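Text of protein_31.cif, listed as mmCIF, C-alpha atoms:
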data_entry
#
loop_
_atom_site.label_atom_id
_atom_site.label_comp_id
_atom_site.auth_asym_id
_atom_site.auth_seq_id
_atom_site.Cartn_x
_atom_site.Cartn_y
_atom_site.Cartn_z
CA MET A 279 13.57 6.05 -52.25
CA ASP A 280 15.67 8.82 -50.80
CA LEU A 281 18.50 8.69 -53.32
CA THR A 282 20.95 10.63 -51.16
CA ASP A 283 24.28 8.77 -51.36
CA LYS A 284 22.63 5.80 -53.08
CA ILE A 285 24.75 4.26 -55.85
CA VAL A 286 22.94 4.34 -59.19
CA VAL A 287 24.54 2.59 -62.19
CA VAL A 288 23.31 3.43 -65.70
CA THR A 289 24.46 1.63 -68.85
CA GLY A 290 24.20 3.45 -72.15
CA GLY A 291 24.69 6.59 -70.11
CA SER A 292 26.58 8.67 -72.65
CA ALA A 293 23.56 10.26 -74.36
CA GLY A 294 19.79 10.19 -74.76
CA LEU A 295 17.60 8.62 -72.10
CA GLY A 296 20.52 7.15 -70.17
CA GLU A 297 22.22 10.52 -69.89
CA GLN A 298 19.04 12.16 -68.63
CA ILE A 299 18.50 9.41 -66.03
CA CYS A 300 22.02 10.09 -64.76
CA TYR A 301 21.24 13.80 -64.34
CA GLU A 302 17.90 13.23 -62.64
CA ALA A 303 19.44 10.77 -60.17
CA ALA A 304 22.28 13.20 -59.48
CA LYS A 305 19.78 15.98 -58.75
CA ARG A 306 18.32 13.72 -56.03
CA GLY A 307 21.74 13.33 -54.39
CA ALA A 308 22.71 9.94 -55.82
CA ILE A 309 26.26 8.79 -56.50
CA VAL A 310 25.97 8.18 -60.24
CA VAL A 311 28.02 5.67 -62.20
CA THR A 312 27.61 6.14 -65.94
CA CYS A 313 28.82 3.39 -68.27
CA ALA A 314 29.10 3.37 -72.05
CA ARG A 315 31.61 2.84 -74.86
CA ARG A 316 32.19 6.52 -75.63
CA ILE A 317 34.67 7.49 -72.95
CA GLN A 318 34.76 11.20 -73.78
CA LEU A 319 30.99 11.56 -73.56
CA ILE A 320 30.62 9.65 -70.31
CA GLY A 321 33.41 11.81 -68.88
CA GLN A 322 31.28 14.86 -69.60
CA VAL A 323 28.21 13.20 -68.07
CA LYS A 324 30.25 12.34 -64.98
CA GLU A 325 31.33 15.96 -64.53
CA ARG A 326 27.78 17.24 -64.93
CA CYS A 327 26.48 14.66 -62.42
CA SER A 328 29.09 15.73 -59.89
CA GLN A 329 28.02 19.36 -60.32
CA LEU A 330 24.36 18.47 -59.84
CA SER A 331 24.84 16.21 -56.82
CA GLY A 332 27.72 18.03 -55.16
CA LYS A 333 29.50 14.72 -54.65
CA ALA A 334 31.60 12.18 -56.50
CA ALA A 335 30.39 10.65 -59.75
CA PHE A 336 32.04 7.94 -61.84
CA ALA A 337 32.41 7.03 -65.51
CA PHE A 338 33.58 3.62 -66.71
CA GLN A 339 34.04 2.62 -70.32
CA LEU A 340 31.86 -0.41 -70.98
CA ASP A 341 31.22 -2.58 -74.01
CA ILE A 342 28.18 -4.44 -72.72
CA ALA A 343 28.58 -7.14 -75.40
CA ASP A 344 32.10 -8.03 -74.19
CA PRO A 345 32.15 -10.28 -71.07
CA ASP A 346 35.71 -9.17 -70.24
CA SER A 347 34.62 -5.53 -70.30
CA VAL A 348 31.66 -6.35 -68.06
CA GLU A 349 33.91 -8.17 -65.58
CA SER A 350 36.33 -5.25 -65.51
CA VAL A 351 33.63 -2.64 -64.88
CA VAL A 352 31.95 -4.73 -62.17
CA GLU A 353 35.29 -5.00 -60.39
CA LYS A 354 35.90 -1.26 -60.69
CA ILE A 355 32.48 -0.45 -59.27
CA ALA A 356 33.09 -2.78 -56.32
CA ASP A 357 36.59 -1.44 -55.64
CA GLU A 358 36.12 2.28 -56.34
CA VAL A 359 32.46 3.01 -55.65
CA GLY A 360 30.69 0.42 -53.49
CA GLU A 361 27.63 -1.82 -53.53
CA VAL A 362 25.03 -0.86 -56.10
CA ASP A 363 21.54 0.20 -54.98
CA VAL A 364 19.96 0.81 -58.39
CA LEU A 365 20.87 -0.57 -61.82
CA VAL A 366 19.39 0.86 -65.01
CA ASN A 367 20.07 -1.36 -68.04
CA ASN A 368 19.65 1.18 -70.81
CA ALA A 369 22.34 0.18 -73.33
CA GLY A 370 20.96 -1.02 -76.64
CA PHE A 371 20.48 -0.28 -80.31
CA GLY A 372 18.09 -1.02 -83.14
CA LEU A 373 17.92 -1.07 -86.91
CA PHE A 374 14.73 -0.95 -88.94
CA GLU A 375 14.94 -3.07 -92.08
CA ASP A 376 12.94 -5.82 -93.73
CA PHE A 377 14.03 -9.18 -92.35
CA VAL A 378 14.76 -10.69 -95.78
CA ASP A 379 17.37 -7.95 -96.30
CA PHE A 380 18.72 -7.92 -92.75
CA ASP A 381 22.42 -8.57 -92.13
CA LEU A 382 22.37 -11.40 -89.60
CA ALA A 383 25.79 -10.41 -88.32
CA ILE A 384 24.11 -7.22 -87.10
CA ALA A 385 21.26 -9.31 -85.68
CA LYS A 386 23.78 -11.32 -83.67
CA LYS A 387 25.37 -8.12 -82.36
CA MET A 388 21.96 -6.73 -81.43
CA PHE A 389 21.21 -9.78 -79.29
CA GLU A 390 24.65 -9.57 -77.69
CA VAL A 391 24.06 -5.94 -76.72
CA ASN A 392 20.32 -5.78 -76.02
CA VAL A 393 19.92 -9.16 -74.34
CA LEU A 394 22.96 -11.28 -73.48
CA GLY A 395 25.21 -8.44 -72.31
CA MET A 396 22.39 -6.99 -70.25
CA MET A 397 21.80 -10.39 -68.63
CA TYR A 398 25.47 -10.87 -67.82
CA PHE A 399 25.86 -7.40 -66.29
CA THR A 400 22.63 -7.82 -64.33
CA GLN A 401 23.67 -11.17 -62.88
CA LYS A 402 26.96 -9.77 -61.62
CA LEU A 403 25.32 -6.85 -59.81
CA ALA A 404 22.20 -8.71 -58.68
CA LEU A 405 24.34 -11.08 -56.58
CA SER A 406 25.27 -8.32 -54.12
CA MET A 407 21.70 -6.97 -54.12
CA VAL A 408 20.37 -10.40 -53.11
CA ASN A 409 23.03 -10.70 -50.40
CA ASN A 410 22.09 -7.25 -49.07
CA GLN A 411 18.34 -7.96 -49.35
CA ARG A 412 17.75 -4.68 -51.18
CA GLY A 413 18.06 -3.14 -54.62
CA HIS A 414 16.20 -2.12 -57.74
CA ILE A 415 16.84 -3.17 -61.35
CA PHE A 416 15.34 -1.31 -64.29
CA ASN A 417 15.48 -2.97 -67.72
CA VAL A 418 14.74 -0.77 -70.71
CA ALA A 419 12.66 -2.84 -73.11
CA SER A 420 10.32 -1.19 -75.62
CA MET A 421 6.76 -0.96 -76.85
CA ALA A 422 8.24 -2.96 -79.74
CA GLY A 423 8.51 -5.84 -77.28
CA LYS A 424 4.75 -5.70 -76.72
CA MET A 425 3.55 -4.96 -80.22
CA ALA A 426 5.83 -5.80 -83.15
CA THR A 427 5.54 -3.87 -86.40
CA PRO A 428 7.08 -4.34 -89.87
CA LYS A 429 10.82 -3.68 -90.19
CA SER A 430 11.36 -4.33 -86.47
CA THR A 431 11.76 -8.11 -86.56
CA ILE A 432 15.17 -8.33 -84.91
CA TYR A 433 14.76 -5.34 -82.60
CA SER A 434 11.33 -6.56 -81.45
CA ALA A 435 12.74 -10.04 -80.87
CA THR A 436 15.41 -8.64 -78.55
CA LYS A 437 12.88 -6.59 -76.63
CA PHE A 438 10.43 -9.50 -76.32
CA ALA A 439 13.39 -11.34 -74.77
CA VAL A 440 14.05 -8.48 -72.34
CA LEU A 441 10.39 -8.53 -71.28
CA GLY A 442 10.37 -12.29 -70.70
CA PHE A 443 13.64 -12.17 -68.78
CA SER A 444 12.45 -9.28 -66.62
CA ASN A 445 9.11 -10.86 -65.81
CA ALA A 446 10.76 -14.04 -64.52
CA LEU A 447 13.57 -12.17 -62.76
CA ARG A 448 11.06 -9.99 -60.91
CA LEU A 449 9.45 -13.10 -59.40
CA GLU A 450 12.79 -14.70 -58.54
CA LEU A 451 14.17 -11.62 -56.76
CA ARG A 452 11.00 -10.58 -54.96
CA PRO A 453 11.76 -12.72 -51.85
CA ALA A 454 15.12 -10.93 -51.56
CA ASN A 455 13.41 -7.51 -51.55
CA VAL A 456 15.00 -6.65 -54.91
CA TYR A 457 12.60 -4.95 -57.31
CA VAL A 458 12.63 -5.39 -61.09
CA THR A 459 10.91 -2.82 -63.31
CA THR A 460 10.55 -2.97 -67.07
CA ILE A 461 10.56 0.32 -68.97
CA ASN A 462 8.61 0.13 -72.22
CA PRO A 463 8.93 3.36 -74.14
CA GLY A 464 7.66 4.14 -77.57
CA PRO A 465 9.85 6.32 -79.82
CA ILE A 466 12.04 8.80 -77.93
CA ALA A 467 13.61 11.90 -79.46
CA THR A 468 17.22 10.71 -79.11
CA GLU A 469 20.14 9.74 -81.33
CA PHE A 470 18.93 6.12 -81.19
CA PHE A 471 17.13 6.83 -84.45
CA ASP A 472 20.31 8.08 -86.13
CA LYS A 473 21.18 4.40 -86.52
CA ALA A 474 17.73 2.83 -86.46
CA ASP A 475 16.31 5.11 -89.15
CA PRO A 476 19.01 7.18 -90.90
CA SER A 477 16.38 8.79 -93.16
CA GLY A 478 14.91 10.66 -90.18
CA ASN A 479 11.38 10.17 -91.52
CA TYR A 480 10.16 7.88 -88.74
CA LEU A 481 10.18 10.46 -85.96
CA LYS A 482 8.78 13.14 -88.25
CA ASP A 483 5.83 10.95 -89.21
CA LEU A 484 5.01 10.11 -85.58
CA GLY A 485 4.62 13.72 -84.52
CA GLY A 486 3.16 14.29 -81.04
CA ILE A 487 3.57 10.79 -79.61
CA VAL A 488 7.38 11.02 -79.65
CA LEU A 489 8.63 11.00 -76.05
CA ASP A 490 10.76 13.67 -74.38
CA PRO A 491 13.76 11.92 -72.74
CA HIS A 492 13.86 14.51 -69.92
CA LYS A 493 10.28 13.78 -68.86
CA LEU A 494 10.67 10.02 -69.13
CA ALA A 495 13.88 10.14 -67.08
CA LYS A 496 12.04 11.98 -64.30
CA THR A 497 9.31 9.34 -64.30
CA ILE A 498 11.89 6.55 -64.04
CA VAL A 499 13.86 8.17 -61.21
CA ASN A 500 10.61 8.84 -59.33
CA LYS A 501 9.99 5.07 -59.32
CA MET A 502 13.38 4.13 -57.87
CA GLY A 503 12.87 2.17 -54.68
CA LYS A 504 9.18 1.56 -55.39
CA PRO A 505 7.89 -1.92 -56.37
CA THR A 506 6.77 -1.00 -59.89
CA ARG A 507 6.11 -3.73 -62.46
CA GLU A 508 6.29 -1.61 -65.63
CA ILE A 509 6.60 1.94 -66.89
CA ASN A 510 4.76 2.27 -70.21
CA ARG A 511 4.88 5.45 -72.30
CA PRO A 512 3.18 6.99 -74.18
CA ILE A 513 -0.16 5.98 -72.72
CA ILE A 514 -1.79 5.80 -76.17
CA MET A 515 0.69 3.11 -77.26
CA GLU A 516 0.15 1.18 -74.04
CA GLY A 517 -3.57 1.19 -74.80
CA ALA A 518 -2.84 0.03 -78.34
CA SER A 519 -0.67 -2.84 -77.08
CA ARG A 520 -3.48 -4.03 -74.77
CA PHE A 521 -5.93 -3.88 -77.66
CA TYR A 522 -3.41 -5.77 -79.80
CA HIS A 523 -3.39 -8.72 -77.37
CA LEU A 524 -7.13 -8.71 -76.73
CA PHE A 525 -8.05 -8.53 -80.43
CA PRO A 526 -5.06 -10.01 -82.29
CA HIS A 527 -6.55 -10.03 -85.80
CA ILE A 528 -7.52 -6.37 -85.65
CA GLY A 529 -4.25 -5.72 -83.84
CA ASP A 530 -2.30 -7.06 -86.80
CA LEU A 531 -4.11 -4.65 -89.07
CA LEU A 532 -3.27 -1.73 -86.79
CA ALA A 533 0.35 -2.78 -86.27
CA GLY A 534 0.86 -3.21 -90.00
CA GLY A 535 -0.89 0.01 -90.90
CA LEU A 536 -1.83 2.76 -88.44
CA PHE A 537 1.11 2.18 -86.08
CA ASN A 538 3.63 1.40 -88.80
CA ARG A 539 5.56 4.53 -89.78
CA LYS A 540 8.91 3.00 -90.71
#
Go ahead and render the structure in this file as structure tokens.
Amino acid sequence: MDLTDKIVVVTGGSAGLGEQICYEAAKRGAIVVTCARRIQLIGQVKERCSQLSGKAAFAFQLDIADPDSVESVVEKIADEVGEVDVLVNNAGFGLFEDFVDFDLAIAKKMFEVNVLGMMYFTQKLALSMVNNQRGHIFNVASMAGKMATPKSTIYSATKFAVLGFSNALRLELRPANVYVTTINPGPIATEFFDKADPSGNYLKDLGGIVLDPHKLAKTIVNKMGKPTREINRPIIMEGASRFYHLFPHIGDLLAGGLFNRK
């Protein structure tokens, strides 16, 4: 897709992968709309996007788990920006703990953010895409949604849900020429792990397979406008997830041992 003057909306766009997707889209001439809770940070992202694209960019404060906030942002996008060409659902969080010790109030919040809020926001913007017979939706899931490991029970459950939702949505929207792509990254060197693993040991133990958000963002933006089913990174973890499903008993041993660094 020639992104010149295309409207690209990114949730969770205040930092990490979402921030880098905003910048990459802006470099291609897109009109970027960054949405997140941290208003000061998305204001900075907005300014940087405007510098990179040489055109207007927008920042709207969004609590994806709050339906009223979603309604408000959707209205602002329609009134102030225009009809969305690309939506990147990147907002989400995780926490790595044993399930028997997990605070289920946090589990509820994780589903509200990672799944239900994403669905609600997607439905609102997909309506205009279907009417226009064009558009592209990217849903950030995770390798954890393909191959669960210990201490990721709740997070993996949310990402399995994102995968199932995306797979069905892709088939439903295909006749309307609206593409749906699932992004399944392994661990990325972002502040996501400040909350998910406050000890900082997880990323250190993984070493070279930790993803660079700049490179992944470029890969995602390169796929905008192309009918792509999934983006899976790193390749070694994609191979492991295939092995996991082909040989489930051995896969359990790997997921509980070799690929478990939490």
Discussion item. Which residues, named as in the file, does the PyMOL selection byres ((chain A and resi 412) around 9) pick out? Answer as a list of chain:residue names.
Written reply: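 On this input, the PyMOL selection byres ((chain A and resi 412) around 9) captures A:Asp363, A:Ser406, A:Met407, A:Val408, A:Asn409, A:Asn410, A:Gln411, A:Gly413, A:His414, A:Ala454, A:Asn455, A:Val456, A:Tyr457.
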Discussion item. Quick one: residues within 6 Å of Leu330 in chain A, all atoms listed in the file, excluding same-chain residues fewer than 3 positions away - as a ChimeraX atom specification?
Written reply: /A:304-305,327
Practice prompt. Dig up all the protein and nucleic acid residues within 8 Å of (17.7, 6.3, -65.6) in the file frame, using all atoms listed in the file, and format them as a list in words.
Written response: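 Output: Val288, Leu295, Gly296, Glu297, Gln298, Ile299, Cys300, Glu302, Ala303, Val366, Asn368, Ala495, Ile498 and Val499 of chain A.
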Sorted per-residue table, range 287-383 of chain A near range 394-398 of chain A, closest atoms and distance, 7 Å, only C-alpha atoms, as JSON lines:
{"residue": "A:Ile342", "atom": "CA", "partner": "A:Gly395", "partner_atom": "CA", "distance": 5.0}
{"residue": "A:Ala343", "atom": "CA", "partner": "A:Gly395", "partner_atom": "CA", "distance": 4.8}
{"residue": "A:Asn367", "atom": "CA", "partner": "A:Met396", "partner_atom": "CA", "distance": 6.5}
Fill in: Distance of CA of Ala422 in chain A from CA of Ile513 in chain A, expressed in Å to one decimal place
14.1 Å
Quick one: 5 Å padding each side, axis-aligned, all listed atoms of range 453-463 of chain A - centre and edge lengths in Å to one decimal, as JSON?
{"center_x": 11.9, "center_y": -4.7, "center_z": -62.8, "size_x": 16.5, "size_y": 26.1, "size_z": 32.6}
